[in-house]
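Undergrad: Below is the file model-v6.txt, with compact mmCIF, C-alpha atoms.
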```
# COMPACT_ATOMS: atom_id res chain seq x y z
CA MET A 121 0.00 0.00 0.00
CA ASP A 122 2.80 2.38 0.83
CA SER A 123 4.47 1.83 -2.52
CA PHE A 124 1.17 2.37 -4.36
CA GLY A 125 0.59 5.72 -2.55
CA LEU A 126 4.06 6.89 -3.47
CA VAL A 127 3.36 6.09 -7.12
CA ILE A 128 0.09 8.13 -7.06
CA ARG A 129 1.78 11.16 -5.43
CA ALA A 130 4.66 11.03 -7.95
CA GLY A 131 2.16 10.84 -10.88
CA SER A 132 0.12 13.77 -9.59
CA GLY A 133 3.25 15.85 -9.09
CA ALA A 134 4.33 15.23 -12.69
CA LEU A 135 0.82 16.17 -13.93
CA LEU A 136 0.89 19.48 -12.04
CA ALA A 137 4.34 20.27 -13.44
CA GLY A 138 3.13 19.59 -16.96
CA LEU A 139 0.07 21.85 -16.48
CA ALA A 140 2.33 24.63 -15.18
CA VAL A 141 4.51 24.36 -18.32
CA LEU A 142 1.43 24.53 -20.59
CA VAL A 143 0.08 27.61 -18.78
CA ALA A 144 3.46 29.33 -19.08
CA LEU A 145 3.62 28.63 -22.83
CA ALA A 146 -0.03 29.70 -23.45
CA ALA A 147 0.26 33.06 -21.67
CA PRO A 148 2.61 34.82 -24.29
CA ALA A 149 0.65 33.44 -27.22
CA HIS A 150 -2.58 34.81 -25.72
CA ALA A 151 -0.99 38.26 -25.16
CA GLN A 152 0.27 38.49 -28.78
CA THR A 153 -3.04 37.48 -30.40
CA PRO A 154 -5.02 40.66 -31.40
CA PRO A 155 -8.68 40.77 -30.47
CA PRO A 156 -11.13 40.10 -33.26
CA ARG A 157 -12.18 43.19 -35.27
CA ALA A 158 -15.79 44.30 -35.10
CA THR A 159 -17.74 44.73 -38.32
CA ASP A 160 -20.37 47.38 -38.98
CA ALA A 161 -23.77 46.92 -40.58
CA ALA A 162 -22.31 47.38 -44.09
CA GLY A 163 -19.79 44.60 -43.55
CA ALA A 164 -16.75 46.90 -43.27
CA THR A 165 -14.17 45.98 -40.69
CA ALA A 166 -13.59 48.64 -38.05
CA ALA A 167 -10.06 49.43 -36.94
CA PRO A 168 -9.09 48.12 -33.50
CA ALA A 169 -9.00 50.54 -30.65
CA PRO A 170 -5.42 51.68 -30.01
CA THR A 171 -3.82 50.78 -26.76
CA ALA A 172 -2.00 53.15 -24.52
CA GLY A 173 1.34 54.19 -25.97
CA SER A 174 0.70 52.71 -29.40
CA THR A 175 0.32 54.53 -32.75
CA PRO A 176 -3.12 54.21 -34.36
CA THR A 177 -3.15 52.56 -37.72
CA VAL A 178 -5.33 53.57 -40.68
CA PRO A 179 -6.89 50.79 -42.75
CA THR A 180 -5.97 50.67 -46.41
CA GLY A 181 -8.46 52.58 -48.63
CA ALA A 182 -10.07 54.41 -45.69
CA PRO A 183 -10.31 58.25 -45.77
CA PRO A 184 -7.88 60.19 -43.58
CA PRO A 185 -9.16 61.02 -40.12
CA ALA A 186 -10.75 64.43 -39.56
CA PRO A 187 -8.54 66.94 -37.75
CA ALA A 188 -9.17 67.36 -34.11
CA ALA A 189 -11.38 70.30 -33.14
CA THR A 190 -9.46 73.28 -31.83
CA GLY A 191 -10.43 76.62 -30.36
CA THR A 192 -10.59 78.41 -33.77
CA PRO A 193 -12.79 77.06 -36.59
CA ALA A 194 -11.01 75.95 -39.76
CA ALA A 195 -11.31 78.30 -42.75
CA SER A 196 -13.58 77.03 -45.52
CA THR A 197 -11.78 76.22 -48.75
CA GLU A 198 -14.91 76.59 -50.94
CA PRO A 199 -15.25 80.01 -52.72
CA ALA A 200 -18.17 82.21 -51.72
CA LEU A 201 -21.08 82.26 -54.18
CA ARG A 202 -21.33 85.41 -56.31
CA THR A 203 -24.58 87.23 -57.06
CA THR A 204 -24.23 86.32 -60.75
CA GLN A 205 -24.25 82.66 -59.78
CA VAL A 206 -27.74 82.93 -58.30
CA CYS A 207 -30.19 80.83 -60.25
CA ILE A 208 -32.65 82.92 -62.32
CA ASP A 209 -35.79 81.61 -63.89
CA ASP A 210 -35.35 80.98 -67.61
CA ALA A 211 -38.38 83.06 -68.58
CA ILE A 212 -37.09 86.08 -66.65
CA ALA A 213 -33.61 85.64 -68.14
CA ASN A 214 -35.05 85.54 -71.65
CA ARG A 215 -37.04 88.73 -71.09
CA LEU A 216 -33.97 90.50 -69.74
CA ALA A 217 -31.94 89.37 -72.75
CA VAL A 218 -34.55 90.74 -75.14
CA LYS A 219 -34.61 94.09 -73.36
CA ARG A 220 -30.84 94.35 -73.55
CA GLN A 221 -30.77 93.84 -77.30
CA ARG A 222 -30.13 97.01 -79.26
CA ARG A 223 -32.76 98.04 -81.71
CA LYS A 224 -31.58 97.68 -85.25
CA ALA A 225 -31.54 100.78 -87.45
CA VAL A 226 -34.43 100.89 -89.87
CA ASP A 227 -34.02 102.64 -93.20
CA ARG A 228 -36.24 105.67 -93.74
CA LEU A 229 -39.08 105.09 -96.14
CA PHE A 230 -39.02 108.79 -97.07
CA VAL A 231 -35.53 110.05 -97.85
CA LYS A 232 -34.88 113.81 -97.86
CA GLN A 233 -31.11 113.96 -98.22
CA ALA A 234 -29.88 115.63 -101.45
CA ARG A 235 -33.46 116.40 -102.57
CA HIS A 236 -35.12 119.68 -103.51
CA GLU A 237 -38.42 120.74 -101.94
CA LEU A 238 -40.86 123.18 -103.54
CA SER A 239 -43.70 124.40 -101.31
CA ALA A 240 -46.84 126.50 -101.68
CA THR A 241 -48.40 127.77 -98.45
CA GLY A 242 -51.10 130.05 -97.14
CA GLY A 243 -52.51 131.02 -93.78
CA TYR A 244 -53.05 133.72 -91.22
CA TYR A 245 -50.80 136.70 -90.42
CA GLN A 246 -51.10 138.43 -87.06
CA SER A 247 -49.47 141.86 -86.76
CA ASP A 248 -48.67 143.67 -83.52
CA LEU A 249 -49.68 147.13 -84.83
CA PHE A 250 -52.25 146.13 -87.43
CA SER A 251 -55.18 143.78 -87.58
CA GLY A 252 -54.78 140.14 -88.57
CA THR A 253 -55.11 139.20 -92.22
CA TYR A 254 -54.23 136.51 -94.72
CA VAL A 255 -50.77 135.57 -96.00
CA ALA A 256 -49.74 133.52 -99.03
CA GLY A 257 -46.32 132.45 -100.23
CA GLY A 258 -43.91 129.80 -101.34
CA SER A 259 -40.47 128.42 -100.50
CA TYR A 260 -37.56 126.42 -101.85
CA THR A 261 -35.66 124.04 -99.55
CA TYR A 262 -32.53 122.04 -100.21
CA HIS A 263 -31.96 119.14 -97.83
CA MET A 264 -28.24 118.69 -97.22
CA THR A 265 -28.81 115.73 -94.87
CA GLU A 266 -31.80 114.01 -93.35
CA ASN A 267 -31.71 116.44 -90.43
CA THR A 268 -30.45 119.74 -91.88
CA ALA A 269 -31.61 121.95 -94.73
CA VAL A 270 -31.54 125.53 -95.98
CA GLU A 271 -34.77 127.27 -96.94
CA PHE A 272 -35.54 130.44 -98.90
CA GLY A 273 -39.08 131.77 -98.76
CA ALA A 274 -41.25 134.67 -99.83
CA ALA A 275 -44.74 135.65 -98.69
CA TYR A 276 -47.22 138.35 -99.46
CA THR A 277 -49.70 140.02 -97.11
CA HIS A 278 -51.04 143.51 -96.47
CA ALA A 279 -51.42 145.86 -93.54
CA ASN A 280 -55.02 145.57 -92.41
CA ALA A 281 -55.62 149.18 -91.36
CA ASP A 282 -58.64 148.78 -89.11
CA ILE A 283 -56.77 150.53 -86.32
CA ILE A 284 -55.60 153.30 -88.62
CA ARG A 285 -59.15 153.87 -89.85
CA ALA A 286 -60.35 154.19 -86.26
CA ILE A 287 -57.67 156.81 -85.56
CA GLU A 288 -58.53 158.65 -88.77
CA ASP A 289 -62.21 158.72 -87.86
CA SER A 290 -61.47 160.17 -84.45
CA ARG A 291 -59.11 162.83 -85.82
CA GLY A 292 -60.85 163.51 -89.08
CA THR A 293 -57.56 163.29 -91.00
CA VAL A 294 -55.92 160.69 -93.26
CA ILE A 295 -52.71 159.32 -91.72
CA GLY A 296 -51.96 156.25 -93.77
CA ASP A 297 -52.83 153.88 -96.58
CA GLU A 298 -55.64 151.52 -95.63
CA PHE A 299 -54.27 148.71 -97.84
CA ASP A 300 -50.49 148.78 -97.66
CA ARG A 301 -48.83 145.68 -99.11
CA VAL A 302 -46.22 143.81 -97.08
CA LEU A 303 -43.63 141.51 -98.70
CA LEU A 304 -41.75 139.05 -96.50
CA LEU A 305 -38.44 137.55 -97.63
CA GLU A 306 -36.56 135.09 -95.44
CA SER A 307 -33.65 132.66 -95.36
CA LEU A 308 -33.45 129.96 -92.67
CA LEU A 309 -31.37 127.06 -91.50
CA VAL A 310 -33.79 124.21 -90.73
CA TRP A 311 -33.00 121.42 -88.31
CA SER A 312 -35.23 118.30 -88.04
CA PRO A 313 -34.36 116.39 -84.83
CA ILE A 314 -37.54 114.29 -84.63
CA TYR A 315 -38.64 111.68 -87.17
CA GLY A 316 -41.43 109.20 -86.49
CA LYS A 317 -44.70 107.68 -87.60
CA LEU A 318 -48.34 107.74 -86.53
CA ARG A 319 -51.57 106.07 -87.52
CA LEU A 320 -54.14 108.15 -89.39
CA GLY A 321 -57.26 106.14 -90.10
CA GLY A 322 -56.08 102.79 -91.42
CA SER A 323 -52.65 103.86 -92.70
CA ILE A 324 -49.26 104.67 -91.21
CA VAL A 325 -47.94 108.17 -91.91
CA ARG A 326 -44.33 109.29 -91.43
CA PHE A 327 -43.64 112.74 -90.07
CA ASP A 328 -40.86 114.98 -88.82
CA ILE A 329 -40.73 118.05 -86.59
CA ASN A 330 -38.33 120.86 -87.42
CA ALA A 331 -37.07 124.14 -86.06
CA GLY A 332 -35.85 127.06 -88.15
CA LEU A 333 -33.73 130.12 -87.45
CA GLY A 334 -32.63 132.82 -89.86
CA VAL A 335 -32.87 136.38 -91.12
CA GLY A 336 -35.17 138.19 -93.51
CA VAL A 337 -36.44 141.44 -94.91
CA VAL A 338 -39.86 143.04 -94.47
CA ASP A 339 -40.68 145.29 -97.41
CA ALA A 340 -43.41 147.66 -96.24
CA ALA A 341 -44.02 151.42 -95.94
CA THR A 342 -43.85 151.21 -92.15
CA SER A 343 -40.90 148.79 -91.83
CA ARG A 344 -37.19 149.49 -91.43
CA GLY A 345 -36.35 146.39 -93.50
CA ALA A 346 -34.21 143.81 -91.62
CA ALA A 347 -35.91 141.13 -89.55
CA GLY A 348 -35.08 138.08 -87.49
CA VAL A 349 -37.05 134.90 -88.18
CA ALA A 350 -37.61 131.86 -85.95
CA GLY A 351 -40.20 129.12 -85.99
CA LEU A 352 -41.35 125.54 -85.71
CA GLY A 353 -42.81 123.22 -88.31
CA MET A 354 -44.16 119.75 -88.96
CA LYS A 355 -44.34 117.71 -92.16
CA LEU A 356 -46.53 114.69 -92.88
CA PHE A 357 -45.09 112.67 -95.77
CA ILE A 358 -47.46 111.31 -98.42
CA GLY A 359 -46.00 108.62 -100.62
CA ARG A 360 -42.39 109.26 -101.67
CA ALA A 361 -42.64 112.74 -103.19
CA LEU A 362 -45.37 114.75 -101.41
CA ALA A 363 -45.72 116.19 -97.93
CA PHE A 364 -48.26 118.25 -96.05
CA ARG A 365 -46.60 120.93 -93.94
CA ILE A 366 -47.63 123.23 -91.10
CA ASP A 367 -45.39 126.12 -90.03
CA ALA A 368 -45.43 128.82 -87.38
CA ARG A 369 -42.97 131.70 -87.94
CA ASN A 370 -42.25 134.74 -85.83
CA HIS A 371 -40.83 137.87 -87.53
CA VAL A 372 -39.11 140.42 -85.32
CA PHE A 373 -38.39 143.86 -86.86
CA GLN A 374 -38.69 147.60 -86.39
CA GLN A 375 -41.90 149.27 -87.50
CA GLU A 376 -42.85 152.95 -87.55
CA LEU A 377 -46.34 154.30 -87.03
CA LEU A 378 -47.51 157.80 -86.18
CA ASP A 379 -43.91 159.05 -86.05
CA GLU A 380 -42.96 156.44 -83.48
CA SER A 381 -40.75 153.34 -83.78
CA PHE A 382 -41.80 149.96 -82.37
CA LEU A 383 -40.11 146.57 -82.09
CA VAL A 384 -42.83 144.21 -83.30
CA LYS A 385 -43.16 140.43 -83.36
CA ASP A 386 -45.54 139.46 -86.15
CA LEU A 387 -46.71 135.84 -86.19
CA SER A 388 -47.68 133.83 -89.25
CA ILE A 389 -49.30 130.38 -89.20
CA THR A 390 -49.39 128.64 -92.56
CA SER A 391 -50.05 125.24 -94.11
CA GLY A 392 -49.51 123.85 -97.57
CA LEU A 393 -48.13 121.13 -99.82
CA SER A 394 -44.54 120.28 -100.73
CA LEU A 395 -43.16 118.47 -103.75
CA PHE A 396 -39.81 116.69 -103.46
CA LEU A 397 -37.51 116.38 -106.46
CA PRO A 398 -36.44 113.92 -107.70
CA MET A 399 -39.72 112.17 -107.07
CA ARG A 400 -38.06 108.92 -105.99
CA ASN A 401 -35.82 108.30 -102.99
```
Take the structure in the file and write it out as structure tokens.

TA:
Amino acid sequence: MDSFGLVIRAGSGALLAGLAVLVALAAPAHAQTPPPRATDAAGATAAPAPTAGSTPTVPTGAPPPAPAATGTPAASTEPALRTTQVCIDDAIANRLAVKRQRRKAVDRLFVKQARHELSATGGYYQSDLFSGTYVAGGSYTYHMTENTAVEFGAAYTHANADIIRAIEDSRGTVIGDEFDRVLLLESLLVWSPIYGKLRLGGSIVRFDINAGLGVGVVDAATSRGAAGVAGLGMKLFIGRALAFRIDARNHVFQQELLDESFLVKDLSITSGLSLFLPMRN
């Protein structure tokens, strides 16, 4: 029995020694084996958590880690949007583009440049010192350009002596001719800054508005002769060779009556027809 107990104790001692050797060999292998990596829902493997004192590793193909937040925010690298980059509705952009387009020049249907104009006119003549009466005349105009021209005109009227007759009746004496003719001669530079069109009835009529300035002579028994002339006019063009014209002219000159001299401003308002030569543009 004693020998059998010694054998059991020796066998158990050898078993314990063998277990101790196995534990000693398994401990380093267990320390060097990394823990299994966790996977996310998409199946990607997450990097293991770094241990103290070790350098974190970045998996291949993964984006670089975001910089750590500091006290000052990082400057944005994207450029600021400009006002011209704001989205505009296509319909509004198209309307703006149409408004920005320059209107193309349209050729005049009635050309005046290098043409001769012959006019016959008649109307009303209002005198400062005499009563109003009729006036009739004519003019020749040469159009140097579409906007400038020179005009020479002549008109005939008479001194309506209603006022003189009233003075004669009160005094009982004759102091003047009751029907004294007046001849108006004038030369003007005409400028036409406005050219357009309007609808008359069912047709489109072209027109222009002009201003004239020049000098003239008043041939009358009571006039000193020289006169200044200024006025405005309008022409409505008919076809390619005719025009209807309306003019208002003011004549400023010295006039003598009853042994006194006056600076008068006689106004004439006339209308008439004009013929342009050559008769084609």

Undergrad: Which residue gives the smallest distance to Val337 of chain A among A:Leu305, A:Val372, A:Met399, A:Val255, with all atoms listed in the file counted?

TA: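 Nearest to Val337 of chain A: A:Leu305.
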
Undergrad: Tell me which protein, DNA and RNA residues are within 8 Å of segment 374-377 of chain A, counting only C-alpha atoms, leaving out same-chain ones fewer than 3 positions away, and put them as number ranges by chain.

TA: A: 342-347, 380-384

Undergrad: Return as JSON the centre and edge lengths, in Å with one decimal, of the box along x, y and z that encloses every atom of segment 211-218 of chain A in the file, padded by 5 Å per side.

TA:
```
{"center_x": -35.2, "center_y": 86.9, "center_z": -70.9, "size_x": 16.4, "size_y": 17.7, "size_z": 18.5}
```

Undergrad: Considering all atoms listed in the file, state which residue in the set A:Ala279, A:Val338, A:Ile389, A:Leu378 is at the smallest distance from Gly351 of chain A.

TA: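 Of all the options, A:Ile389 lies closest to Gly351 of chain A.
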
Undergrad: Would you kindly identify which residues have an atom no farther than 9 Å from (-54.5, 129.2, -99.5), using only C-alpha atoms and the file's own coordinates, and write them out as a ChimeraX atom specification?

TA: /A:240-243,254-257,390-392

Undergrad: Since fewer atoms than expected are present, regenerate N, CA and C atoms for segment 247-276 of chain A and write them as an mmCIF file, keeping the file's coordinate frame.

TA:
```
data_model
loop_
_atom_site.group_PDB
_atom_site.id
_atom_site.type_symbol
_atom_site.label_atom_id
_atom_site.label_comp_id
_atom_site.auth_asym_id
_atom_site.auth_seq_id
_atom_site.Cartn_x
_atom_site.Cartn_y
_atom_site.Cartn_z
ATOM 1 N N SER A 247 -50.408 140.766 -86.939
ATOM 2 C CA SER A 247 -49.470 141.860 -86.760
ATOM 3 C C SER A 247 -49.669 142.492 -85.388
ATOM 4 N N ASP A 248 -48.574 142.990 -84.814
ATOM 5 C CA ASP A 248 -48.670 143.670 -83.520
ATOM 6 C C ASP A 248 -49.407 145.003 -83.633
ATOM 7 N N LEU A 249 -49.115 145.784 -84.702
ATOM 8 C CA LEU A 249 -49.680 147.130 -84.830
ATOM 9 C C LEU A 249 -50.902 147.184 -85.724
ATOM 10 N N PHE A 250 -51.106 146.138 -86.535
ATOM 11 C CA PHE A 250 -52.250 146.130 -87.430
ATOM 12 C C PHE A 250 -53.136 144.923 -87.107
ATOM 13 N N SER A 251 -54.265 144.897 -87.780
ATOM 14 C CA SER A 251 -55.180 143.780 -87.580
ATOM 15 C C SER A 251 -54.697 142.558 -88.337
ATOM 16 N N GLY A 252 -55.166 141.380 -87.908
ATOM 17 C CA GLY A 252 -54.780 140.140 -88.570
ATOM 18 C C GLY A 252 -55.382 140.036 -89.958
ATOM 19 N N THR A 253 -54.662 139.347 -90.839
ATOM 20 C CA THR A 253 -55.110 139.200 -92.220
ATOM 21 C C THR A 253 -54.504 137.932 -92.809
ATOM 22 N N TYR A 254 -54.732 137.712 -94.069
ATOM 23 C CA TYR A 254 -54.230 136.510 -94.720
ATOM 24 C C TYR A 254 -52.758 136.691 -95.112
ATOM 25 N N VAL A 255 -52.110 135.573 -95.454
ATOM 26 C CA VAL A 255 -50.770 135.570 -96.000
ATOM 27 C C VAL A 255 -50.660 134.387 -96.948
ATOM 28 N N ALA A 256 -49.950 134.569 -98.040
ATOM 29 C CA ALA A 256 -49.740 133.520 -99.030
ATOM 30 C C ALA A 256 -48.305 133.598 -99.518
ATOM 31 N N GLY A 257 -47.712 132.424 -99.803
ATOM 32 C CA GLY A 257 -46.320 132.450 -100.230
ATOM 33 C C GLY A 257 -45.840 131.101 -100.708
ATOM 34 N N GLY A 258 -44.542 131.015 -100.878
ATOM 35 C CA GLY A 258 -43.910 129.800 -101.340
ATOM 36 C C GLY A 258 -42.478 129.746 -100.841
ATOM 37 N N SER A 259 -41.846 128.582 -100.984
ATOM 38 C CA SER A 259 -40.470 128.420 -100.500
ATOM 39 C C SER A 259 -39.768 127.334 -101.293
ATOM 40 N N TYR A 260 -38.426 127.447 -101.269
ATOM 41 C CA TYR A 260 -37.560 126.420 -101.850
ATOM 42 C C TYR A 260 -36.616 125.951 -100.751
ATOM 43 N N THR A 261 -36.500 124.625 -100.601
ATOM 44 C CA THR A 261 -35.660 124.040 -99.550
ATOM 45 C C THR A 261 -34.752 122.994 -100.172
ATOM 46 N N TYR A 262 -33.475 123.079 -99.798
ATOM 47 C CA TYR A 262 -32.530 122.040 -100.210
ATOM 48 C C TYR A 262 -32.086 121.294 -98.957
ATOM 49 N N HIS A 263 -32.279 119.971 -98.978
ATOM 50 C CA HIS A 263 -31.960 119.140 -97.830
ATOM 51 C C HIS A 263 -30.532 118.601 -97.973
ATOM 52 N N MET A 264 -29.642 119.138 -97.190
ATOM 53 C CA MET A 264 -28.240 118.690 -97.220
ATOM 54 C C MET A 264 -28.097 117.300 -96.610
ATOM 55 N N THR A 265 -28.778 117.053 -95.508
ATOM 56 C CA THR A 265 -28.810 115.730 -94.870
ATOM 57 C C THR A 265 -30.250 115.445 -94.482
ATOM 58 N N GLU A 266 -30.455 114.336 -93.821
ATOM 59 C CA GLU A 266 -31.800 114.010 -93.350
ATOM 60 C C GLU A 266 -32.265 114.957 -92.263
ATOM 61 N N ASN A 267 -31.346 115.602 -91.572
ATOM 62 C CA ASN A 267 -31.710 116.440 -90.430
ATOM 63 C C ASN A 267 -31.481 117.926 -90.655
ATOM 64 N N THR A 268 -30.750 118.319 -91.675
ATOM 65 C CA THR A 268 -30.450 119.740 -91.880
ATOM 66 C C THR A 268 -30.804 120.150 -93.306
ATOM 67 N N ALA A 269 -31.222 121.423 -93.425
ATOM 68 C CA ALA A 269 -31.610 121.950 -94.730
ATOM 69 C C ALA A 269 -31.513 123.471 -94.682
ATOM 70 N N VAL A 270 -31.464 124.076 -95.851
ATOM 71 C CA VAL A 270 -31.540 125.530 -95.980
ATOM 72 C C VAL A 270 -32.806 125.857 -96.760
ATOM 73 N N GLU A 271 -33.485 126.922 -96.335
ATOM 74 C CA GLU A 271 -34.770 127.270 -96.940
ATOM 75 C C GLU A 271 -34.806 128.751 -97.277
ATOM 76 N N PHE A 272 -35.330 129.056 -98.441
ATOM 77 C CA PHE A 272 -35.540 130.440 -98.900
ATOM 78 C C PHE A 272 -37.031 130.586 -99.195
ATOM 79 N N GLY A 273 -37.646 131.610 -98.592
ATOM 80 C CA GLY A 273 -39.080 131.770 -98.760
ATOM 81 C C GLY A 273 -39.485 133.211 -99.003
ATOM 82 N N ALA A 274 -40.660 133.355 -99.577
ATOM 83 C CA ALA A 274 -41.250 134.670 -99.830
ATOM 84 C C ALA A 274 -42.738 134.573 -99.558
ATOM 85 N N ALA A 275 -43.319 135.626 -99.004
ATOM 86 C CA ALA A 275 -44.740 135.650 -98.690
ATOM 87 C C ALA A 275 -45.284 137.054 -98.907
ATOM 88 N N TYR A 276 -46.566 137.063 -99.202
ATOM 89 C CA TYR A 276 -47.220 138.350 -99.460
ATOM 90 C C TYR A 276 -48.423 138.495 -98.516
#
```
